[in-house]
file work.cif (mmCIF, C-alpha atoms)
data_input
loop_
_atom_site.label_atom_id
_atom_site.label_comp_id
_atom_site.auth_asym_id
_atom_site.auth_seq_id
_atom_site.Cartn_x
_atom_site.Cartn_y
_atom_site.Cartn_z
CA MET A 1 -20.64 9.73 -4.50
CA SER A 2 -24.32 9.12 -3.99
CA ASP A 3 -25.23 10.36 -7.43
CA VAL A 4 -27.53 7.48 -8.28
CA SER A 5 -31.02 8.25 -7.08
CA ILE A 6 -33.20 5.26 -6.39
CA PRO A 7 -36.85 5.60 -5.44
CA LYS A 8 -37.54 4.90 -1.77
CA GLY A 9 -39.09 1.54 -1.10
CA GLY A 10 -38.10 -2.10 -1.31
CA LEU A 11 -35.51 -1.57 -4.04
CA SER A 12 -33.58 1.18 -2.24
CA ARG A 13 -33.08 -1.18 0.70
CA TRP A 14 -31.24 -3.57 -1.61
CA PHE A 15 -29.07 -0.93 -3.19
CA ARG A 16 -27.72 0.52 0.05
CA ARG A 17 -23.99 1.08 -0.36
CA SER A 18 -22.56 0.03 2.99
CA ARG A 19 -23.59 -3.62 2.99
CA TRP A 20 -22.51 -4.15 -0.63
CA GLU A 21 -19.21 -2.43 0.03
CA THR A 22 -18.66 -4.71 3.00
CA ALA A 23 -19.46 -7.73 0.82
CA ALA A 24 -17.05 -6.55 -1.91
CA MET A 25 -14.31 -5.88 0.65
CA THR A 26 -14.85 -9.35 2.16
CA LEU A 27 -14.46 -10.82 -1.31
CA ILE A 28 -11.23 -8.88 -1.89
CA GLY A 29 -9.86 -9.88 1.52
CA GLY A 30 -10.88 -13.51 0.99
CA GLY A 31 -9.25 -13.50 -2.44
CA ILE A 32 -5.99 -12.16 -1.02
CA VAL A 33 -6.00 -14.87 1.67
CA MET A 34 -6.67 -17.49 -1.04
CA LEU A 35 -3.74 -16.11 -3.04
CA VAL A 36 -1.17 -16.49 -0.27
CA GLN A 37 -2.46 -19.43 1.82
CA PRO A 38 -0.12 -22.43 1.92
CA TRP A 39 -2.72 -25.27 2.02
CA SER A 40 -4.53 -25.68 -1.29
CA ILE A 41 -3.34 -24.90 -4.81
CA ASP A 42 -6.98 -25.08 -5.98
CA LEU A 43 -7.86 -22.15 -3.74
CA TYR A 44 -4.82 -20.35 -5.14
CA GLY A 45 -6.12 -21.06 -8.64
CA TYR A 46 -9.43 -19.31 -7.93
CA SER A 47 -7.93 -16.43 -5.96
CA PHE A 48 -7.47 -14.02 -8.87
CA VAL A 49 -11.07 -14.40 -10.05
CA THR A 50 -12.25 -13.74 -6.49
CA ILE A 51 -10.13 -10.61 -6.09
CA LEU A 52 -11.15 -9.35 -9.54
CA THR A 53 -14.84 -9.90 -8.77
CA GLY A 54 -14.46 -8.10 -5.44
CA THR A 55 -12.58 -5.19 -6.98
CA LEU A 56 -15.00 -4.71 -9.88
CA GLY A 57 -17.90 -5.14 -7.47
CA PHE A 58 -16.45 -2.51 -5.15
CA THR A 59 -16.03 -0.07 -8.03
CA ILE A 60 -19.69 -0.56 -8.99
CA VAL A 61 -21.25 -0.51 -5.52
CA SER A 62 -19.29 2.58 -4.47
CA HIS A 63 -21.69 4.45 -6.79
CA PHE A 64 -24.74 3.22 -4.89
CA PRO A 65 -26.52 5.70 -2.58
CA GLU A 66 -25.58 5.80 1.13
CA MET B 1 -33.33 51.21 -7.67
CA SER B 2 -30.03 49.63 -8.61
CA THR B 3 -28.12 47.14 -6.46
CA ILE B 4 -24.35 47.46 -6.23
CA ILE B 5 -22.57 44.07 -6.08
CA HIS B 6 -18.97 43.91 -4.91
CA PRO B 7 -16.92 41.78 -7.39
CA ASP B 8 -15.44 39.57 -4.61
CA HIS B 9 -18.81 38.95 -3.10
CA ALA B 10 -20.25 38.26 -6.51
CA ALA B 11 -17.56 35.67 -7.22
CA MET B 12 -18.38 33.91 -3.95
CA THR B 13 -22.12 33.96 -4.19
CA GLY B 14 -22.61 33.89 -7.92
CA ALA B 15 -25.09 36.76 -7.62
CA GLY B 16 -23.19 38.96 -10.02
CA GLU B 17 -22.59 36.16 -12.50
CA VAL B 18 -24.65 37.80 -15.22
CA ALA B 19 -22.93 41.15 -14.80
CA LEU B 20 -19.39 39.77 -14.60
CA SER B 21 -19.49 36.77 -16.89
CA GLN B 22 -18.93 38.69 -20.09
CA PRO B 23 -15.54 40.32 -19.32
CA MET B 24 -14.30 37.29 -17.28
CA LYS B 25 -15.30 34.61 -19.76
CA HIS B 26 -13.43 35.86 -22.76
CA VAL B 27 -9.77 36.40 -22.02
CA ARG B 28 -8.25 36.86 -25.47
CA GLY B 29 -11.12 34.96 -27.01
CA LEU B 30 -10.87 31.86 -24.78
CA SER B 31 -13.62 30.82 -22.40
CA ASP B 32 -12.88 29.90 -18.75
CA ARG B 33 -13.61 26.30 -19.55
CA THR B 34 -11.08 26.25 -22.40
CA ILE B 35 -8.42 27.89 -20.22
CA ALA B 36 -9.09 25.32 -17.49
CA TRP B 37 -8.71 22.51 -20.01
CA LEU B 38 -5.49 24.04 -21.34
CA PHE B 39 -4.01 23.99 -17.85
CA VAL B 40 -5.12 20.43 -17.13
CA ALA B 41 -4.35 18.97 -20.57
CA PRO B 42 -0.54 18.53 -20.11
CA THR B 43 -1.13 16.59 -16.88
CA ILE B 44 -3.78 14.42 -18.48
CA ALA B 45 -1.54 13.81 -21.52
CA LEU B 46 1.36 12.87 -19.24
CA LEU B 47 -0.86 10.55 -17.20
CA LEU B 48 -2.15 8.88 -20.34
CA ALA B 49 1.35 8.49 -21.74
CA ILE B 50 3.15 7.17 -18.67
CA ASN B 51 0.35 5.44 -16.72
CA ILE B 52 -2.65 4.48 -18.79
CA PHE B 53 -0.95 3.58 -22.06
CA PRO B 54 1.62 1.17 -20.52
CA LEU B 55 -1.17 -0.40 -18.47
CA VAL B 56 -3.39 -0.97 -21.52
CA TRP B 57 -0.38 -2.24 -23.47
CA MET B 58 0.52 -4.62 -20.65
CA ILE B 59 -3.06 -5.96 -20.57
CA ARG B 60 -2.81 -6.57 -24.31
CA LEU B 61 0.57 -8.33 -23.97
CA SER B 62 -0.71 -10.55 -21.16
CA PHE B 63 -2.94 -12.33 -23.70
CA THR B 64 -0.02 -13.03 -26.05
CA ASN B 65 2.93 -15.43 -26.21
CA LEU B 66 5.52 -12.63 -26.55
CA ASN B 67 9.03 -13.69 -25.53
CA LEU B 68 11.58 -10.96 -26.08
CA SER B 69 14.47 -13.41 -26.42
CA MET B 70 12.62 -14.83 -29.43
CA SER B 71 11.05 -11.65 -30.75
CA TYR B 72 11.43 -12.90 -34.33
CA LEU B 73 8.52 -15.29 -33.67
CA PRO B 74 5.10 -13.95 -34.69
CA LEU B 75 3.02 -12.50 -31.88
CA ARG B 76 0.20 -14.95 -31.17
CA PHE B 77 -2.94 -14.33 -29.14
CA ILE B 78 -3.20 -17.14 -26.57
CA GLY B 79 -6.20 -16.00 -24.55
CA LEU B 80 -6.02 -16.70 -20.82
CA ASP B 81 -3.18 -19.25 -21.07
CA ASN B 82 -0.65 -17.04 -19.26
CA PHE B 83 -3.09 -16.52 -16.38
CA THR B 84 -3.87 -20.24 -16.21
CA ASP B 85 -0.13 -21.03 -16.19
CA ILE B 86 0.56 -18.62 -13.33
CA LEU B 87 -2.45 -19.70 -11.27
CA GLY B 88 -1.37 -23.32 -11.56
CA ASP B 89 2.35 -22.69 -11.07
CA GLU B 90 3.60 -23.95 -7.69
CA ASP B 91 6.74 -21.79 -7.87
CA VAL B 92 4.74 -18.56 -8.12
CA TRP B 93 2.49 -19.84 -5.34
CA PHE B 94 5.52 -20.44 -3.08
CA ARG B 95 6.88 -16.98 -3.90
CA LEU B 96 3.54 -15.46 -2.93
CA GLN B 97 3.71 -17.35 0.36
CA THR B 98 7.24 -16.02 0.95
CA THR B 99 5.89 -12.53 0.25
CA ALA B 100 2.98 -13.10 2.65
CA ARG B 101 5.33 -14.27 5.44
CA PHE B 102 7.54 -11.23 4.86
CA VAL B 103 4.51 -8.90 4.94
CA LEU B 104 3.07 -10.57 8.05
CA TRP B 105 6.22 -10.47 10.17
CA SER B 106 7.48 -7.08 9.09
CA VAL B 107 4.09 -5.39 9.54
CA ALA B 108 3.54 -7.08 12.94
CA LEU B 109 6.95 -5.98 14.22
CA GLU B 110 6.57 -2.47 12.80
CA MET B 111 3.17 -2.12 14.46
CA VAL B 112 4.32 -3.29 17.90
CA ILE B 113 7.57 -1.30 17.93
CA GLY B 114 6.02 1.72 16.18
CA PHE B 115 3.13 1.91 18.62
CA GLY B 116 5.50 1.49 21.58
CA LEU B 117 7.74 4.28 20.31
CA ALA B 118 4.72 6.53 19.71
CA LEU B 119 3.61 5.99 23.32
CA LEU B 120 7.10 6.98 24.49
CA ILE B 121 7.44 9.98 22.17
CA LYS B 122 4.01 11.28 23.20
CA ARG B 123 5.40 11.99 26.65
CA GLN B 124 7.25 15.30 26.46
CA PHE B 125 10.55 14.22 28.01
CA ARG B 126 13.91 16.00 27.95
CA GLY B 127 15.53 15.82 24.47
CA HIS B 128 12.25 14.66 23.00
CA SER B 129 12.71 16.52 19.68
CA PHE B 130 16.26 15.25 19.23
CA TRP B 131 15.23 11.62 19.73
CA THR B 132 12.23 12.01 17.44
CA THR B 133 14.56 13.22 14.67
CA ILE B 134 16.98 10.32 15.27
CA ILE B 135 14.12 7.79 15.16
CA LEU B 136 12.77 9.27 11.93
CA LEU B 137 16.13 9.15 10.10
CA PRO B 138 15.88 5.62 8.58
CA MET B 139 12.58 6.48 6.95
CA MET B 140 14.15 9.39 5.11
CA LEU B 141 16.77 7.22 3.41
CA SER B 142 16.32 5.76 -0.05
CA PRO B 143 15.71 1.97 -0.13
CA ALA B 144 18.73 1.65 -2.44
CA VAL B 145 20.92 3.35 0.17
CA VAL B 146 19.45 1.18 2.93
CA GLY B 147 20.07 -1.99 0.89
CA ASN B 148 23.75 -1.16 0.30
CA PHE B 149 24.27 0.16 3.79
CA TRP B 150 22.90 -3.01 5.42
CA THR B 151 24.82 -5.25 3.00
CA LEU B 152 27.99 -3.72 4.45
CA LEU B 153 26.72 -3.87 8.04
CA LEU B 154 25.83 -7.55 7.67
CA GLN B 155 29.07 -8.57 5.97
CA PRO B 156 30.35 -11.59 8.00
CA GLN B 157 34.05 -10.60 8.12
CA ILE B 158 34.05 -6.83 8.41
CA GLY B 159 30.43 -5.95 9.19
CA PRO B 160 29.77 -4.64 12.72
CA PHE B 161 26.45 -6.53 13.01
CA ASN B 162 28.07 -9.98 13.23
CA HIS B 163 30.65 -8.67 15.70
CA PHE B 164 27.89 -7.25 17.87
CA ILE B 165 26.03 -10.59 17.85
CA SER B 166 29.33 -12.32 18.57
CA LEU B 167 29.85 -10.03 21.57
CA LEU B 168 26.39 -10.89 22.89
CA THR B 169 26.33 -14.64 22.23
CA GLY B 170 29.96 -15.71 21.94
CA VAL B 171 29.37 -17.23 18.48
CA PRO B 172 32.35 -16.39 16.18
CA ALA B 173 31.47 -13.41 13.95
CA SER B 174 32.53 -15.01 10.67
CA SER B 175 30.74 -18.31 11.37
CA PHE B 176 27.38 -17.10 10.13
CA SER B 177 26.08 -14.91 7.32
CA MET B 178 22.81 -13.08 7.83
CA THR B 179 22.12 -12.79 4.10
CA GLY B 180 23.64 -16.09 3.01
CA GLU B 181 21.90 -18.65 5.22
CA VAL B 182 18.52 -20.19 4.48
CA VAL B 183 17.28 -19.81 8.08
CA LEU B 184 18.59 -16.28 8.66
CA ALA B 185 18.01 -14.55 5.31
CA PRO B 186 14.18 -14.23 5.57
CA TRP B 187 14.59 -12.71 9.04
CA THR B 188 17.24 -10.34 7.72
CA ILE B 189 14.89 -8.76 5.19
CA VAL B 190 12.23 -8.49 7.91
CA LEU B 191 14.78 -6.87 10.24
CA VAL B 192 15.92 -4.30 7.69
CA ASP B 193 12.39 -3.43 6.60
CA THR B 194 11.33 -3.07 10.22
CA TRP B 195 14.34 -0.83 10.90
CA MET B 196 13.46 1.36 7.95
CA TRP B 197 9.69 1.67 8.24
CA THR B 198 8.94 1.55 11.98
CA PRO B 199 9.33 5.35 12.19
CA TYR B 200 6.58 5.74 9.62
CA VAL B 201 4.21 3.58 11.64
CA MET B 202 5.26 5.54 14.73
CA LEU B 203 4.23 8.80 13.04
CA ILE B 204 0.77 7.45 12.17
CA CYS B 205 0.30 6.08 15.71
CA LEU B 206 1.47 9.40 17.16
CA ALA B 207 -1.17 11.22 15.09
CA GLY B 208 -3.76 8.80 16.51
CA LEU B 209 -2.58 9.27 20.09
CA ARG B 210 -2.52 13.06 19.79
CA SER B 211 -6.09 13.05 18.45
CA ILE B 212 -7.42 11.69 21.76
CA PRO B 213 -8.75 14.62 23.80
CA ASP B 214 -7.16 15.09 27.25
CA TYR B 215 -10.53 15.39 28.99
CA ILE B 216 -11.19 11.69 28.42
CA TYR B 217 -8.06 10.81 30.40
CA GLU B 218 -8.99 13.40 33.04
CA ALA B 219 -12.43 11.79 33.40
CA ALA B 220 -10.75 8.39 33.72
CA GLU B 221 -8.42 9.80 36.42
CA VAL B 222 -11.46 11.06 38.31
CA ASP B 223 -12.94 7.56 38.09
CA ARG B 224 -9.61 6.24 39.42
CA ALA B 225 -8.95 4.10 36.39
CA SER B 226 -5.45 2.60 36.42
CA ALA B 227 -2.94 3.38 33.65
CA TRP B 228 -3.43 -0.15 32.30
CA ARG B 229 -7.20 0.28 32.27
CA GLN B 230 -6.86 3.66 30.53
CA PHE B 231 -4.68 2.06 27.89
CA TRP B 232 -7.14 -0.78 27.15
CA SER B 233 -10.33 1.29 27.40
CA ILE B 234 -9.27 4.64 25.92
CA THR B 235 -5.90 4.69 24.16
CA LEU B 236 -6.13 1.45 22.18
CA PRO B 237 -9.79 1.67 20.99
CA MET B 238 -9.36 5.30 19.94
CA THR B 239 -6.19 4.66 17.95
CA VAL B 240 -7.49 1.51 16.22
CA PRO B 241 -8.52 3.32 12.97
CA PHE B 242 -5.02 4.78 12.74
CA LEU B 243 -3.43 1.41 13.46
CA MET B 244 -5.58 -0.15 10.75
CA LEU B 245 -4.48 2.51 8.33
CA ALA B 246 -0.82 1.85 9.14
CA VAL B 247 -1.33 -1.92 8.74
CA LEU B 248 -3.00 -1.52 5.36
CA PHE B 249 -0.48 0.98 4.09
CA ARG B 250 2.55 -1.04 5.15
CA ALA B 251 1.01 -4.31 3.93
CA ILE B 252 0.39 -2.86 0.46
CA GLU B 253 3.88 -1.35 0.33
CA ASN B 254 5.58 -4.55 1.48
CA PHE B 255 3.56 -6.68 -0.91
CA LYS B 256 5.17 -4.63 -3.71
CA MET B 257 8.62 -4.63 -2.06
CA PHE B 258 11.45 -5.02 -4.57
CA ASP B 259 14.38 -2.62 -4.35
CA MET B 260 15.62 -3.16 -0.83
CA VAL B 261 15.33 -6.97 -0.91
CA ASN B 262 16.84 -7.17 -4.39
CA LEU B 263 19.88 -5.23 -3.17
CA LEU B 264 20.21 -7.16 0.09
CA THR B 265 19.78 -10.78 -1.02
CA SER B 266 18.63 -10.76 -4.68
CA GLY B 267 16.08 -13.34 -3.58
CA GLY B 268 18.71 -15.78 -2.28
CA PRO B 269 20.05 -18.01 -0.93
CA GLY B 270 18.33 -20.21 -3.49
CA SER B 271 14.90 -18.65 -3.57
CA THR B 272 14.39 -18.29 0.20
CA THR B 273 13.84 -14.54 0.05
CA GLU B 274 12.49 -14.36 -3.48
CA LEU B 275 9.47 -12.12 -3.17
CA VAL B 276 6.89 -12.17 -5.95
CA SER B 277 8.16 -8.85 -7.33
CA ILE B 278 11.60 -10.43 -7.80
CA THR B 279 9.96 -13.41 -9.56
CA LEU B 280 8.25 -10.89 -11.83
CA LYS B 281 11.55 -9.15 -12.60
CA ARG B 282 13.21 -12.51 -13.36
CA ALA B 283 10.38 -13.60 -15.66
CA ALA B 284 10.44 -10.26 -17.49
CA PHE B 285 14.15 -9.41 -17.71
CA GLU B 286 16.06 -12.67 -17.23
CA LYS B 287 13.79 -15.19 -18.96
CA TRP B 288 12.30 -12.49 -21.23
CA ARG B 289 8.81 -14.05 -20.96
CA THR B 290 7.01 -10.79 -21.59
CA GLY B 291 3.48 -12.16 -22.04
CA TYR B 292 3.75 -14.31 -18.92
CA SER B 293 5.28 -11.53 -16.81
CA SER B 294 2.61 -9.08 -18.01
CA ALA B 295 -0.08 -11.49 -16.78
CA LEU B 296 1.70 -11.83 -13.42
CA ALA B 297 1.99 -8.04 -13.19
CA ILE B 298 -1.77 -7.75 -13.79
CA ILE B 299 -2.52 -10.28 -11.05
CA LEU B 300 -0.36 -8.28 -8.63
CA PHE B 301 -1.87 -5.01 -9.82
CA VAL B 302 -5.44 -6.19 -9.27
CA THR B 303 -4.47 -7.52 -5.82
CA VAL B 304 -2.87 -4.23 -4.80
CA PHE B 305 -5.75 -2.25 -6.34
CA GLY B 306 -8.27 -4.33 -4.39
CA ALA B 307 -6.34 -3.82 -1.17
CA ALA B 308 -6.06 -0.10 -1.96
CA ASN B 309 -9.87 0.10 -2.14
CA ILE B 310 -10.05 -1.20 1.41
CA TYR B 311 -7.30 1.24 2.35
CA VAL B 312 -9.20 4.23 0.95
CA LYS B 313 -12.34 3.10 2.77
CA ALA B 314 -10.38 2.91 6.04
CA LEU B 315 -8.87 6.33 5.35
CA ASN B 316 -12.34 7.83 4.92
CA LYS B 317 -13.40 6.31 8.23
CA VAL B 318 -10.40 7.95 9.92
CA LYS B 319 -11.28 11.27 8.26
CA GLN B 320 -14.85 11.06 9.56
CA ARG B 321 -13.58 10.80 13.14
#

call {"tool": "encode", "arguments": {"input": "work.cif", "output": "structure tokens"}}
result
Amino acid sequence: MSDVSIPKGGLSRWFRRSRWETAAMTLIGGGIVMLVQPWSIDLYGYSFVTILTGTLGFTIVSHFPE
Amino acid sequence: MSTIIHPDHAAMTGAGEVALSQPMKHVRGLSDRTIAWLFVAPTIALLLAINIFPLVWMIRLSFTNLNLSMSYLPLRFIGLDNFTDILGDEDVWFRLQTTARFVLWSVALEMVIGFGLALLIKRQFRGHSFWTTIILLPMMLSPAVVGNFWTLLLQPQIGPFNHFISLLTGVPASSFSMTGEVVLAPWTIVLVDTWMWTPYVMLICLAGLRSIPDYIYEAAEVDRASAWRQFWSITLPMTVPFLMLAVLFRAIENFKMFDMVNLLTSGGPGSTTELVSITLKRAAFEKWRTGYSSALAIILFVTVFGAANIYVKALNKVKQR
């Protein structure tokens, strides 16, 4: 869904979908690990916020151009 | 000079749109767009009623102190308290770890056995179709049936499973209970899930193996690559996207696992096999903590939704191949 057109130049480099998607997916994956890891309850406490940020981020960046 | 446009061709190209739009657009006074909406509306209404509305309602309840055993109390908005409670609750944390261990072991076993079976089934041996059907049978059963069926199989006195183990090891059949012992119960749910869902993983792996063109193996044969080398350099790398898909799909499904485990062990003994979905059920329908359980359900929903995003991304990669 590359429906957002961004002028070519410095800005378009920043709004490339793949790298942001990878970052969002890393955040989701990291959040899931934080949720189920057995070492620190503090990490567990922040896991939901991490997953939520990743998921919302993924939803937004999946509208960026390829 | 007039141009004759065939109606079929016009529909495909849109060239005759002007000529045809008038009679097509107004069937009994309704435009195409209205008719399309009329067809889609029942589905959208149903979706809103059974999916979106409960979800929105659950989000609302998660910010309240609603307890259905004390529903006479006024509903009070408590902000993020339920979320803070859950994310600081060691019991929920332990249940999530139990769930993670269950997911890890069952998915690992399903992947290894499923991939092995797919490699075997790919070879067209005698009775290949018959064995494929037999292997696929567990997957076709309902989890409720599987739960009851294995409860009987694992029964210490009359169940054949204990007698089989007794035959192999010499340990008396009634001296151990697969679902009643702290050490054995977690492995029992892994065993039953693996039994049920390995065929599914096998099917995905088989699709991956069959997508590898024969000429690659023929080229490897020409280069005198050994079977082992072919496996590591061709088979495994080319089936990795499919394996990843199977891992993601099974992990998401097992993270949500409820029915089969609830029937087999009900989370026991103690809370050894209490997966987070069982904790959720207990909070909602045994302790009647509706606000709290709604918040827990949202946490699980966001987790599964996040994982599903990765799953869809992986699926698209497989499609692009």

call {"tool": "resolve_selection", "arguments": {"input": "work.cif", "expression": "the PyMOL selection byres ((chain B and resi 135) around 12)", "output": "list in words"}}
result
Ile113, Gly114, Leu117, Ala118, Leu120, Ile121, His128, Ser129, Phe130, Trp131, Thr132, Thr133, Ile134, Leu136, Leu137, Pro138, Met139, Met140, Trp195, Met196, Trp197, Thr198, Pro199, Tyr200, Val201, Met202 and Leu203 of chain B

call {"tool": "write_last_selection", "arguments": {"input": "work.cif", "atoms": "C-alpha atoms", "output": "short mmCIF file (atom, residue, chain, number, x, y, z; two decimals), keeping the file's coordinate frame"}}
result
data_model
loop_
_atom_site.label_atom_id
_atom_site.label_comp_id
_atom_site.auth_asym_id
_atom_site.auth_seq_id
_atom_site.Cartn_x
_atom_site.Cartn_y
_atom_site.Cartn_z
CA ILE B 113 7.57 -1.30 17.93
CA GLY B 114 6.02 1.72 16.18
CA LEU B 117 7.74 4.28 20.31
CA ALA B 118 4.72 6.53 19.71
CA LEU B 120 7.10 6.98 24.49
CA ILE B 121 7.44 9.98 22.17
CA HIS B 128 12.25 14.66 23.00
CA SER B 129 12.71 16.52 19.68
CA PHE B 130 16.26 15.25 19.23
CA TRP B 131 15.23 11.62 19.73
CA THR B 132 12.23 12.01 17.44
CA THR B 133 14.56 13.22 14.67
CA ILE B 134 16.98 10.32 15.27
CA LEU B 136 12.77 9.27 11.93
CA LEU B 137 16.13 9.15 10.10
CA PRO B 138 15.88 5.62 8.58
CA MET B 139 12.58 6.48 6.95
CA MET B 140 14.15 9.39 5.11
CA TRP B 195 14.34 -0.83 10.90
CA MET B 196 13.46 1.36 7.95
CA TRP B 197 9.69 1.67 8.24
CA THR B 198 8.94 1.55 11.98
CA PRO B 199 9.33 5.35 12.19
CA TYR B 200 6.58 5.74 9.62
CA VAL B 201 4.21 3.58 11.64
CA MET B 202 5.26 5.54 14.73
CA LEU B 203 4.23 8.80 13.04
#

call {"tool": "resolve_selection", "arguments": {"input": "work.cif", "expression": "the PyMOL selection byres ((chain A) within 8 of (chain B))", "output": "PDB file with C-alpha atoms, in the frame of the given file"}}
result
ATOM      1  CA  MET A  25     -14.310  -5.880   0.650  1.00  0.00           C
ATOM      2  CA  ILE A  28     -11.230  -8.880  -1.890  1.00  0.00           C
ATOM      3  CA  GLY A  29      -9.860  -9.880   1.520  1.00  0.00           C
ATOM      4  CA  ILE A  32      -5.990 -12.160  -1.020  1.00  0.00           C
ATOM      5  CA  LEU A  35      -3.740 -16.110  -3.040  1.00  0.00           C
ATOM      6  CA  VAL A  36      -1.170 -16.490  -0.270  1.00  0.00           C
ATOM      7  CA  GLN A  37      -2.460 -19.430   1.820  1.00  0.00           C
ATOM      8  CA  PRO A  38      -0.120 -22.430   1.920  1.00  0.00           C
ATOM      9  CA  ILE A  41      -3.340 -24.900  -4.810  1.00  0.00           C
ATOM     10  CA  TYR A  44      -4.820 -20.350  -5.140  1.00  0.00           C
ATOM     11  CA  GLY A  45      -6.120 -21.060  -8.640  1.00  0.00           C
ATOM     12  CA  TYR A  46      -9.430 -19.310  -7.930  1.00  0.00           C
ATOM     13  CA  PHE A  48      -7.470 -14.020  -8.870  1.00  0.00           C
ATOM     14  CA  ILE A  51     -10.130 -10.610  -6.090  1.00  0.00           C
ATOM     15  CA  LEU A  52     -11.150  -9.350  -9.540  1.00  0.00           C
ATOM     16  CA  GLY A  54     -14.460  -8.100  -5.440  1.00  0.00           C
ATOM     17  CA  THR A  55     -12.580  -5.190  -6.980  1.00  0.00           C
ATOM     18  CA  PHE A  58     -16.450  -2.510  -5.150  1.00  0.00           C
TER      19      PHE A  58
END

call {"tool": "closest_residue", "arguments": {"input": "work.cif", "among": "B:Phe255, B:Thr272, B:Gly291, B:Asp91", "to": "B:Trp187", "atoms": "all atoms listed in the file"}}
result
B:Thr272

call {"tool": "closest_residue", "arguments": {"input": "work.cif", "among": "A:Glu66, A:Val33, A:Val61, A:Leu56", "to": "A:Trp20", "atoms": "only C-alpha atoms"}}
result
A:Val61

call {"tool": "atom_distance", "arguments": {"input": "work.cif", "atom1": "atom CA of B:Pro241", "atom2": "atom CA of B:Val318"}}
result
5.9 Å

call {"tool": "atom_distance", "arguments": {"input": "work.cif", "atom1": "atom CA of B:Pro213", "atom2": "atom CA of B:Thr235"}}
result
10.3 Å

call {"tool": "closest_residue", "arguments": {"input": "work.cif", "among": "A:Phe64, A:Asp42, A:Leu27, A:Thr59", "to": "A:Arg13", "atoms": "all atoms listed in the file"}}
result
A:Phe64

call {"tool": "resolve_selection", "arguments": {"input": "work.cif", "expression": "the PyMOL selection byres ((chain B and resi 278) around 8)", "output": "list in words"}}
result
Phe258, Asn262, Ser266, Gly267, Glu274, Leu275, Val276, Ser277, Thr279, Leu280, Lys281 and Arg282 of chain B

call {"tool": "residues_around", "arguments": {"input": "work.cif", "residues": "B:Ser233", "least_positions_apart": "6", "cutoff": "12 Å", "atoms": "all atoms listed in the file", "output": "ChimeraX atom specification"}}
result
/B:216-217,220,225-227,239-240

call {"tool": "atom_distance", "arguments": {"input": "work.cif", "atom1": "atom CA of B:Trp37", "atom2": "atom CA of B:Ile52"}}
result
19.1 Å

call {"tool": "closest_residue", "arguments": {"input": "work.cif", "among": "A:Ser40, A:Thr26, A:Ser18, A:Ser47", "to": "A:Ser62", "atoms": "all atoms listed in the file"}}
result
A:Ser18

call {"tool": "axis_aligned_box", "arguments": {"input": "work.cif", "around": "stretch 100-118 of chain B", "padding_each_side": "4 Å", "output": "lines of an AutoDock Vina configuration file"}}
result
center_x = 5.4
center_y = -3.9
center_z = 12.1
size_x = 12.8
size_y = 28.8
size_z = 26.9
